[in-house]
>>> print(open('input-v4.txt').read())   # compact mmCIF, C-alpha atoms and all ligand atoms
# COMPACT_ATOMS: atom_id res chain seq x y z
CA MET E 1 10.33 -35.56 21.53
CA ALA E 2 13.99 -35.81 22.28
CA ASN E 3 15.47 -32.38 22.81
CA SER E 4 19.00 -31.76 21.65
CA LYS E 5 21.43 -30.02 23.97
CA PHE E 6 21.37 -27.15 21.52
CA GLU E 7 17.70 -26.42 21.94
CA TYR E 8 18.21 -23.92 24.77
CA VAL E 9 19.14 -21.32 22.13
CA LYS E 10 15.41 -21.04 21.40
CA ASP E 11 15.05 -19.29 24.78
CA PHE E 12 16.98 -16.34 23.39
CA GLU E 13 14.05 -15.51 21.10
CA ARG E 14 11.85 -12.66 22.32
CA PRO E 15 8.06 -12.71 21.99
CA ASP E 16 6.74 -10.00 19.68
CA TYR E 17 2.95 -10.44 19.72
CA LEU E 18 1.21 -7.30 18.50
CA LEU E 19 -1.44 -5.76 20.73
CA PRO E 20 -4.72 -7.68 20.35
CA ASN E 21 -7.86 -6.07 18.93
CA THR E 22 -5.99 -3.31 17.10
CA TRP E 23 -5.72 -2.45 13.40
CA VAL E 24 -2.26 -3.51 12.31
CA VAL E 25 -0.71 -1.39 9.58
CA VAL E 26 2.33 -2.80 7.82
CA ARG E 27 4.05 -0.17 5.70
CA ILE E 28 6.70 -1.20 3.20
CA ASP E 29 9.02 1.24 1.43
CA GLY E 30 11.42 0.76 -1.47
CA LYS E 31 15.11 0.72 -0.53
CA GLY E 32 17.10 3.38 -2.36
CA PHE E 33 14.43 4.05 -4.96
CA THR E 34 15.92 7.47 -5.76
CA LYS E 35 18.82 5.54 -7.30
CA LEU E 36 16.58 2.86 -8.80
CA CYS E 37 14.50 5.57 -10.56
CA ALA E 38 17.64 6.98 -12.18
CA LYS E 39 18.99 3.55 -13.12
CA TYR E 40 15.83 2.54 -15.02
CA GLY E 41 14.96 6.02 -16.25
CA PHE E 42 11.66 6.48 -14.41
CA GLU E 43 9.75 9.47 -15.77
CA LYS E 44 9.81 12.35 -13.30
CA PRO E 45 7.92 13.18 -11.24
CA ASN E 46 5.58 10.21 -11.84
CA ASP E 47 6.35 7.08 -13.82
CA LYS E 48 2.99 5.44 -14.48
CA ARG E 49 4.54 2.03 -15.24
CA ALA E 50 6.29 1.97 -11.86
CA LEU E 51 3.07 2.92 -10.04
CA ASP E 52 1.13 0.23 -11.92
CA LEU E 53 3.79 -2.29 -10.93
CA MET E 54 3.52 -1.29 -7.24
CA ASN E 55 -0.28 -1.66 -7.49
CA ALA E 56 -0.04 -5.07 -9.15
CA ALA E 57 2.30 -6.31 -6.40
CA ALA E 58 -0.05 -4.92 -3.72
CA LYS E 59 -3.03 -6.69 -5.30
CA ALA E 60 -1.08 -9.96 -5.26
CA VAL E 61 -0.21 -9.46 -1.57
CA MET E 62 -3.88 -8.87 -0.74
CA ALA E 63 -4.92 -11.98 -2.69
CA ASP E 64 -2.38 -14.05 -0.70
CA LEU E 65 -3.17 -12.53 2.69
CA THR E 66 -6.93 -12.38 3.11
CA ASP E 67 -6.69 -10.72 6.55
CA ILE E 68 -5.69 -7.47 4.85
CA VAL E 69 -8.81 -5.34 4.43
CA VAL E 70 -7.46 -2.31 2.60
CA SER E 71 -4.15 -0.95 1.43
CA TYR E 72 -2.86 2.41 0.24
CA GLY E 73 0.10 3.13 -2.01
CA VAL E 74 2.04 6.16 -3.14
CA SER E 75 5.52 6.55 -4.60
CA ASP E 76 7.65 3.56 -3.47
CA GLU E 77 5.56 2.78 -0.39
CA TYR E 78 2.49 0.70 0.43
CA SER E 79 0.51 0.44 3.67
CA PHE E 80 -1.41 -2.78 4.35
CA VAL E 81 -4.15 -2.75 6.99
CA PHE E 82 -4.85 -6.03 8.78
CA HIS E 83 -8.27 -6.38 10.38
CA LYS E 84 -8.26 -5.91 14.15
CA THR E 85 -9.46 -9.51 14.62
CA CYS E 86 -6.59 -10.92 12.53
CA THR E 87 -4.87 -13.91 14.18
CA LEU E 88 -2.40 -14.73 11.39
CA TYR E 89 0.89 -16.04 12.91
CA ASP E 90 -0.70 -15.32 16.31
CA ARG E 91 -0.06 -11.64 15.44
CA ARG E 92 3.71 -12.06 15.75
CA GLU E 93 5.19 -8.82 14.41
CA SER E 94 8.30 -10.22 12.75
CA LYS E 95 6.29 -12.94 11.01
CA LEU E 96 3.68 -10.50 9.68
CA VAL E 97 6.14 -7.82 8.57
CA SER E 98 8.60 -10.21 6.97
CA THR E 99 5.84 -12.10 5.13
CA VAL E 100 4.38 -8.88 3.69
CA VAL E 101 7.80 -7.54 2.71
CA SER E 102 8.97 -10.73 1.04
CA THR E 103 5.65 -11.43 -0.69
CA PHE E 104 5.58 -7.87 -2.03
CA SER E 105 9.23 -7.94 -3.12
CA ALA E 106 8.81 -11.32 -4.82
CA TYR E 107 5.81 -10.13 -6.85
CA TYR E 108 7.50 -6.81 -7.65
CA VAL E 109 10.44 -8.63 -9.20
CA TYR E 110 8.23 -11.31 -10.80
CA LEU E 111 5.98 -8.69 -12.46
CA TRP E 112 8.75 -6.23 -13.39
CA SER E 113 9.10 -7.40 -17.02
CA THR E 114 5.36 -6.95 -17.61
CA TYR E 115 5.68 -3.23 -16.86
CA PHE E 116 9.26 -2.68 -18.07
CA PRO E 117 9.58 -5.13 -20.96
CA ASP E 118 12.60 -3.37 -22.47
CA MET E 119 14.52 -2.98 -19.22
CA PRO E 120 15.70 -6.22 -17.65
CA LEU E 121 16.44 -6.08 -13.94
CA ALA E 122 20.06 -6.34 -12.86
CA PRO E 123 21.57 -6.30 -9.35
CA PRO E 124 21.25 -4.51 -7.03
CA LEU E 125 17.65 -5.80 -7.25
CA PRO E 126 14.66 -3.89 -5.85
CA SER E 127 14.04 -4.56 -2.17
CA PHE E 128 11.78 -3.15 0.52
CA ASP E 129 11.87 -2.47 4.24
CA GLY E 130 8.83 -2.81 6.48
CA ARG E 131 7.39 -1.88 9.87
CA ALA E 132 4.18 -2.54 11.78
CA VAL E 133 2.15 -0.08 13.83
CA CYS E 134 -1.01 -0.91 15.84
CA TYR E 135 -3.94 1.50 15.84
CA PRO E 136 -6.50 0.95 18.58
CA SER E 137 -9.47 2.74 17.00
CA VAL E 138 -10.99 3.04 13.55
CA GLN E 139 -10.46 6.79 13.86
CA ASN E 140 -6.72 6.32 14.49
CA MET E 141 -6.45 3.93 11.55
CA ARG E 142 -8.38 6.26 9.25
CA ASP E 143 -6.21 9.17 10.40
CA TYR E 144 -3.19 7.08 9.45
CA MET E 145 -4.61 6.59 5.93
CA SER E 146 -5.45 10.31 5.75
CA TRP E 147 -1.90 11.16 6.79
CA ARG E 148 -0.43 9.12 3.93
CA GLN E 149 -2.87 10.58 1.39
CA ALA E 150 -2.27 14.15 2.58
CA ASP E 151 1.46 13.46 2.22
CA CYS E 152 0.86 12.20 -1.33
CA HIS E 153 -0.99 15.42 -2.18
CA ILE E 154 1.64 17.75 -0.72
CA ASN E 155 4.56 15.88 -2.33
CA ASN E 156 2.85 15.56 -5.69
CA LEU E 157 1.97 19.24 -5.92
CA TYR E 158 5.56 20.14 -5.03
CA ASN E 159 7.11 17.55 -7.38
CA THR E 160 4.80 18.47 -10.28
CA THR E 161 5.71 22.16 -9.95
CA PHE E 162 9.41 21.46 -9.42
CA TRP E 163 9.72 19.16 -12.45
CA THR E 164 7.66 21.48 -14.65
CA LEU E 165 10.06 24.32 -13.81
CA VAL E 166 13.01 22.05 -14.64
CA GLN E 167 11.61 20.28 -17.72
CA GLN E 168 9.59 23.06 -19.33
CA GLY E 169 10.92 26.17 -17.61
CA LYS E 170 14.53 25.12 -18.23
CA MET E 171 15.51 25.92 -14.64
CA GLY E 172 18.32 24.10 -12.89
CA ALA E 173 17.37 21.88 -9.94
CA THR E 174 18.90 24.26 -7.39
CA GLU E 175 17.25 27.26 -8.99
CA ALA E 176 13.82 25.57 -9.05
CA GLU E 177 14.25 24.52 -5.41
CA ARG E 178 15.10 28.08 -4.41
CA TYR E 179 12.20 29.43 -6.48
CA LEU E 180 9.71 27.17 -4.66
CA LYS E 181 11.11 27.66 -1.16
CA GLY E 182 8.41 28.98 1.17
CA THR E 183 5.61 28.89 -1.42
CA VAL E 184 2.17 27.73 -0.29
CA SER E 185 -0.19 25.45 -2.25
CA LYS E 186 -2.04 28.30 -3.92
CA GLU E 187 1.21 29.78 -5.26
CA LYS E 188 2.27 26.43 -6.76
CA HIS E 189 -1.12 26.11 -8.50
CA GLU E 190 -0.61 29.67 -9.76
CA ILE E 191 2.93 29.01 -11.11
CA LEU E 192 1.68 25.94 -12.98
CA TYR E 193 -1.33 27.76 -14.40
CA SER E 194 0.06 31.17 -15.30
CA GLN E 195 3.47 30.08 -16.58
CA PHE E 196 2.70 26.66 -18.09
CA HIS E 197 -1.09 26.60 -18.61
CA ILE E 198 -1.30 23.51 -16.41
CA ASN E 199 -4.41 23.14 -14.27
CA TYR E 200 -3.18 20.95 -11.41
CA ASN E 201 -6.73 19.70 -10.81
CA ASN E 202 -6.64 18.03 -14.24
CA GLU E 203 -3.55 15.95 -13.38
CA PRO E 204 -4.24 12.17 -13.29
CA GLU E 205 -6.01 10.99 -10.13
CA ILE E 206 -3.40 8.25 -9.56
CA PHE E 207 -0.75 10.97 -9.14
CA LYS E 208 -2.86 13.31 -6.99
CA LYS E 209 -4.54 10.74 -4.72
CA GLY E 210 -2.34 7.64 -4.76
CA SER E 211 -3.94 4.18 -4.95
CA VAL E 212 -6.31 2.40 -2.62
CA VAL E 213 -6.78 -1.35 -2.94
CA PHE E 214 -9.72 -3.23 -1.45
CA ARG E 215 -12.19 -6.05 -1.99
CA ASP E 216 -15.16 -4.94 -4.04
CA TYR E 217 -18.67 -5.90 -2.98
CA GLU E 218 -21.91 -4.06 -3.64
CA LEU E 219 -21.64 -0.35 -2.96
CA VAL E 220 -23.94 1.03 -0.32
CA GLU E 221 -25.91 4.12 -1.26
CA PRO E 222 -25.47 6.80 1.38
CA GLY E 223 -28.51 7.05 3.64
CA PHE E 224 -29.88 3.57 2.85
CA ASP E 225 -29.70 0.35 4.84
CA ASN E 226 -27.17 -2.15 3.62
CA VAL E 227 -29.72 -4.20 1.68
CA ALA E 228 -27.19 -6.04 -0.48
CA GLU E 229 -25.39 -7.44 2.55
CA LYS E 230 -28.63 -8.54 4.20
CA ILE E 231 -29.75 -10.41 1.09
CA ASP E 232 -26.32 -11.99 0.89
CA ASP E 233 -26.53 -13.15 4.52
CA LEU E 234 -29.93 -14.76 3.90
CA ALA E 235 -28.60 -16.49 0.80
CA GLU E 236 -25.77 -18.17 2.74
CA PRO E 237 -26.74 -21.83 3.23
CA VAL E 238 -27.38 -22.72 6.86
CA ASN E 239 -24.37 -24.73 7.91
CA GLN E 240 -23.88 -25.21 11.62
CA SER E 241 -20.37 -26.61 11.25
CA LYS E 242 -19.12 -23.47 9.56
CA THR E 243 -18.39 -20.49 11.69
CA GLN E 244 -19.19 -16.96 10.60
CA ALA E 245 -15.46 -16.32 10.45
CA GLU E 246 -14.94 -19.14 7.98
CA ASN E 247 -17.76 -17.87 5.79
CA ASP E 248 -16.34 -14.35 5.88
CA LYS E 249 -12.96 -15.68 4.92
CA LYS E 250 -14.41 -17.56 1.95
CA ARG E 251 -16.31 -14.50 0.80
CA ARG E 252 -13.18 -12.38 1.09
CA ALA E 253 -11.14 -14.88 -0.88
CA LYS E 254 -13.73 -14.84 -3.69
CA ALA E 255 -14.19 -11.06 -3.91
CA ARG E 256 -12.60 -9.07 -6.70
CA ILE E 257 -9.65 -6.96 -5.59
CA VAL E 258 -9.72 -3.50 -7.14
CA VAL E 259 -7.33 -0.55 -7.36
CA GLU E 260 -8.93 2.91 -7.26
CA HIS E 261 -7.68 6.46 -6.83
CA LEU E 262 -10.22 7.76 -4.37
CA ASP E 263 -10.32 10.20 -1.50
CA VAL E 264 -9.85 8.17 1.70
CA ILE E 265 -9.80 11.26 3.93
CA LYS E 266 -13.52 12.09 3.61
CA ASP E 267 -16.19 9.80 5.14
CA ASP E 268 -17.77 8.86 1.81
CA PHE E 269 -15.23 6.16 0.86
CA TRP E 270 -15.72 4.33 4.18
CA ASP E 271 -19.49 4.98 4.50
CA ARG E 272 -20.14 3.39 1.12
CA ARG E 273 -18.01 0.31 1.89
CA PRO E 274 -19.05 -0.72 5.41
CA TRP E 275 -17.59 -4.22 5.00
CA LEU E 276 -14.09 -2.79 5.14
CA LEU E 277 -14.33 -1.91 8.81
CA SER E 278 -16.98 -4.36 10.03
P1 LIG E 301 15.04 4.87 1.40
O1 LIG E 301 15.78 3.62 1.15
O2 LIG E 301 15.49 5.59 2.63
O3 LIG E 301 13.55 4.72 1.37
P2 LIG E 301 14.63 6.20 -1.14
O4 LIG E 301 15.62 6.71 -2.16
O5 LIG E 301 13.77 5.06 -1.56
O6 LIG E 301 15.46 5.87 0.17
P3 LIG E 301 12.17 7.63 -0.49
O7 LIG E 301 11.98 8.72 0.50
O8 LIG E 301 11.47 6.34 -0.22
O9 LIG E 301 13.75 7.43 -0.65
O10 LIG E 301 11.76 8.22 -1.88
C1 LIG E 301 11.44 7.44 -2.98
C2 LIG E 301 11.93 8.15 -4.23
O11 LIG E 301 11.54 7.43 -5.41
C3 LIG E 301 11.35 9.56 -4.38
O12 LIG E 301 12.32 10.41 -4.89
C4 LIG E 301 10.24 9.36 -5.40
O13 LIG E 301 9.97 10.51 -6.16
C5 LIG E 301 10.82 8.27 -6.28
N1 LIG E 301 9.76 7.48 -6.92
C6 LIG E 301 9.07 6.46 -6.38
N2 LIG E 301 8.15 6.00 -7.24
C7 LIG E 301 8.26 6.75 -8.36
C8 LIG E 301 7.56 6.76 -9.60
N3 LIG E 301 6.56 5.91 -9.84
N4 LIG E 301 7.94 7.66 -10.54
C9 LIG E 301 8.95 8.52 -10.30
N5 LIG E 301 9.64 8.57 -9.14
C10 LIG E 301 9.29 7.69 -8.18
P1 LIG E 302 5.47 -22.39 7.76
O1 LIG E 302 4.85 -21.42 6.82
O2 LIG E 302 4.83 -22.46 9.07
O3 LIG E 302 6.97 -22.23 7.85
P2 LIG E 302 6.16 -24.75 6.24
O4 LIG E 302 5.34 -25.71 5.46
O5 LIG E 302 7.13 -23.88 5.47
O6 LIG E 302 5.18 -23.83 7.09
P3 LIG E 302 8.42 -25.57 7.83
O7 LIG E 302 8.45 -26.02 9.25
O8 LIG E 302 9.14 -24.30 7.53
O9 LIG E 302 6.92 -25.56 7.37
O10 LIG E 302 9.00 -26.74 6.98
C1 LIG E 302 9.47 -26.63 5.67
C2 LIG E 302 9.12 -27.91 4.91
O11 LIG E 302 9.70 -27.85 3.62
C3 LIG E 302 9.61 -29.16 5.59
O12 LIG E 302 8.66 -30.17 5.43
C4 LIG E 302 10.88 -29.47 4.81
O13 LIG E 302 11.19 -30.83 4.85
C5 LIG E 302 10.51 -29.01 3.43
N1 LIG E 302 11.70 -28.63 2.69
C6 LIG E 302 12.36 -27.46 2.78
N2 LIG E 302 13.39 -27.43 1.98
C7 LIG E 302 13.42 -28.62 1.35
C8 LIG E 302 14.28 -29.22 0.38
N3 LIG E 302 15.33 -28.57 -0.10
N4 LIG E 302 13.99 -30.46 -0.04
C9 LIG E 302 12.94 -31.12 0.43
N5 LIG E 302 12.08 -30.63 1.35
C10 LIG E 302 12.32 -29.40 1.80
MG MG E 303 12.60 4.26 3.78
MG MG E 304 12.20 4.41 -0.34
MG MG E 305 9.29 6.28 0.04
MG MG E 306 11.18 -24.00 8.14
MG MG E 307 8.48 -22.61 6.43
>>> encode(input="input-v4.txt", output="structure tokens", more="lines below")
Ligand code: ATP
Ligand code: ATP
Ligand code: MG
Ligand code: MG
Ligand code: MG
Ligand code: MG
Ligand code: MG
Amino acid sequence: MANSKFEYVKDFERPDYLLPNTWVVVRIDGKGFTKLCAKYGFEKPNDKRALDLMNAAAKAVMADLTDIVVSYGVSDEYSFVFHKTCTLYDRRESKLVSTVVSTFSAYYVYLWSTYFPDMPLAPPLPSFDGRAVCYPSVQNMRDYMSWRQADCHINNLYNTTFWTLVQQGKMGATEAERYLKGTVSKEKHEILYSQFHINYNNEPEIFKKGSVVFRDYELVEPGFDNVAEKIDDLAEPVNQSKTQAENDKKRRAKARIVVEHLDVIKDDFWDRRPWLLS
């Protein structure tokens, strides 16, 4: 191949391979969504249509990128977890992050009218930033997921109380903020219950827990061997030319992608779905 005299500019590029054998989390977050919420009149504190749209875009990203094993979304953010053995783009950070961000943004805009049929998008259009972080152990990666879900819980309890004070208690924003300053969880529950007859525990799960997206296979009953997976392995036709990795990839591509609002902090979610981390 004849090289042009310009080709030396390629040497200015820096390698950005992510650490091998680590769980790569790509988190995207909506740019200026505080403004976007106001512009399109999102219901406060939680607009269900907007959350459903985020979830639909995340599902589409997971269908496109089969190396993602699980993702978690809350508010205007989504975290996508790539399997530690992932070799997509040779694990180049900028390639992975930019592909997730642009795929997500494209689907978000594409699907917008399904969730907001009466509100056509107009510039400035929704966009997202993204970053990647490598977690060397399953424990670190699970702690990351727990961190995001704990954040969802804390923010949602605060926002639910704040907006109830404003919308039903007729408080001003500054007054409500001052009223809640320094209150602990229990006191927020108490304000909601005693003043507004709202039992926080009965709030929709999608608001309290956020959304977790994953490929759905047979659930494993706690305390039993993973019989379903063993039967499945035996049923796979013997094909020497196909590697296990190729078979896994095919199975992943075929599996149904589901959105649930489950606790990802406790062991149960992970124990019952061993394929997520295997
Ligand atoms: P940045 O560009 O720095 O991320 P931002 O305005 O997007 O700025 P965030 O910290 O990401 O700031 O906050 C997102 C805002 O959007 C929060 O105020 C959150 O309540 C709001 N928001 C996101 N999704 C929804 C939703 N489904 N319903 C109501 N409000 C939402
Ligand atoms: P990768 O995901 O690795 O980038 P790719 O298929 O996008 O894979 P590129 O090296 O980016 O590979 O090449 C882009 C291809 O798209 C080339 O074959 C190029 O000729 C073609 N292409 C791009 N824009 C046009 C266009 N406007 N008209 C015709 N062909 C185009
Ligand atoms: Mg941000
Ligand atoms: Mg944001
Ligand atoms: Mg955010
Ligand atoms: Mg190209
Ligand atoms: Mg290309």
>>> atom_distance(input="input-v4.txt", atom1="atom O2 of ligand LIG 301 (chain E)", atom2="CA of Val26 in chain E")
16.4 Å
>>> residues_near_ligand(input="input-v4.txt", ligand="ligand MG 307 (chain E)", cutoff="12 Å", atoms="all atoms listed in the file", output="list in words")
Tyr89, Lys95 and Thr99 of chain E
>>> residues_around(input="input-v4.txt", residues="Ile191 in chain E", least_positions_apart="2", cutoff="12 Å", atoms="all atoms listed in the file", output="list of chain:residue names")
E:Leu157, E:Tyr158, E:Thr160, E:Thr161, E:Phe162, E:Thr164, E:Leu165, E:Gly169, E:Ala176, E:Tyr179, E:Leu180, E:Thr183, E:Val184, E:Ser185, E:Lys186, E:Glu187, E:Lys188, E:His189, E:Tyr193, E:Ser194, E:Gln195, E:Phe196, E:His197, E:Ile198, E:Asn199, E:Tyr200
>>> atom_distance(input="input-v4.txt", atom1="CA of Ser79 in chain E", atom2="CA of Asp47 in chain E")
19.6 Å
>>> residues_around(input="input-v4.txt", residues="range 53-58 of chain E", least_positions_apart="2", cutoff="7 Å", atoms="all atoms listed in the file", output="JSON, numbers by chain")
{"E": [49, 50, 51, 60, 61, 62, 104, 107, 108, 111, 112, 115]}
>>> closest_residue(input="input-v4.txt", among="E:Ser98, E:Ser278, E:Ser127, E:Asn202", to="ligand MG 303 (chain E)", atoms="all atoms listed in the file")
E:Ser127
>>> atom_distance(input="input-v4.txt", atom1="CA of Met171 in chain E", atom2="atom O13 of ligand LIG 301 (chain E)")
18.4 Å
>>> residues_near_point(input="input-v4.txt", point="(-3.1, -2.4, 1.7)", cutoff="9 Å", atoms="only C-alpha atoms", output="ChimeraX atom specification")
/E:25-27,58-59,61-62,68-73,78-82,212-214
>>> closest_residue(input="input-v4.txt", among="E:Pro126, E:Asp16, E:Leu96, E:Met141", to="ligand LIG 302 (chain E)", atoms="only C-alpha atoms and all ligand atoms")
E:Leu96
>>> closest_atom_pairs(input="input-v4.txt", of="chain E", to="ligand MG 304 (chain E)", cutoff="8 Å", atoms="all atoms listed in the file", output="tab-separated table")
residue	atom	partner	partner_atom	distance
E:Asp29	CA	E:MG304	MG	4.8
E:Gly30	CA	E:MG304	MG	3.9
E:Lys31	CA	E:MG304	MG	4.7
E:Gly32	CA	E:MG304	MG	5.4
E:Phe33	CA	E:MG304	MG	5.1
E:Thr34	CA	E:MG304	MG	7.3
E:Asp76	CA	E:MG304	MG	5.6
E:Glu77	CA	E:MG304	MG	6.8
E:Phe128	CA	E:MG304	MG	7.6
>>> closest_residue(input="input-v4.txt", among="E:Ala150, E:Ala245, E:Leu18, E:Leu36", to="Lys266 in chain E", atoms="only C-alpha atoms")
E:Ala150
>>> closest_residue(input="input-v4.txt", among="E:Glu221, E:Glu246, E:Glu13, E:Asp129", to="Asp271 in chain E", atoms="only C-alpha atoms")
E:Glu221
>>> residues_near_point(input="input-v4.txt", point="(-15.6, 7.4, -7.1)", cutoff="12 Å", atoms="all atoms listed in the file", output="number ranges by chain")
E: 205, 209, 212, 219, 259-264, 266, 268-270, 272-273
>>> closest_residue(input="input-v4.txt", among="E:Gly172, E:Gly130, E:Gly182, E:Gly41", to="Asp118 in chain E", atoms="only C-alpha atoms")
E:Gly41
>>> closest_residue(input="input-v4.txt", among="E:Val101, E:Cys152, E:Val133, E:Val74", to="Leu19 in chain E", atoms="all atoms listed in the file")
E:Val133
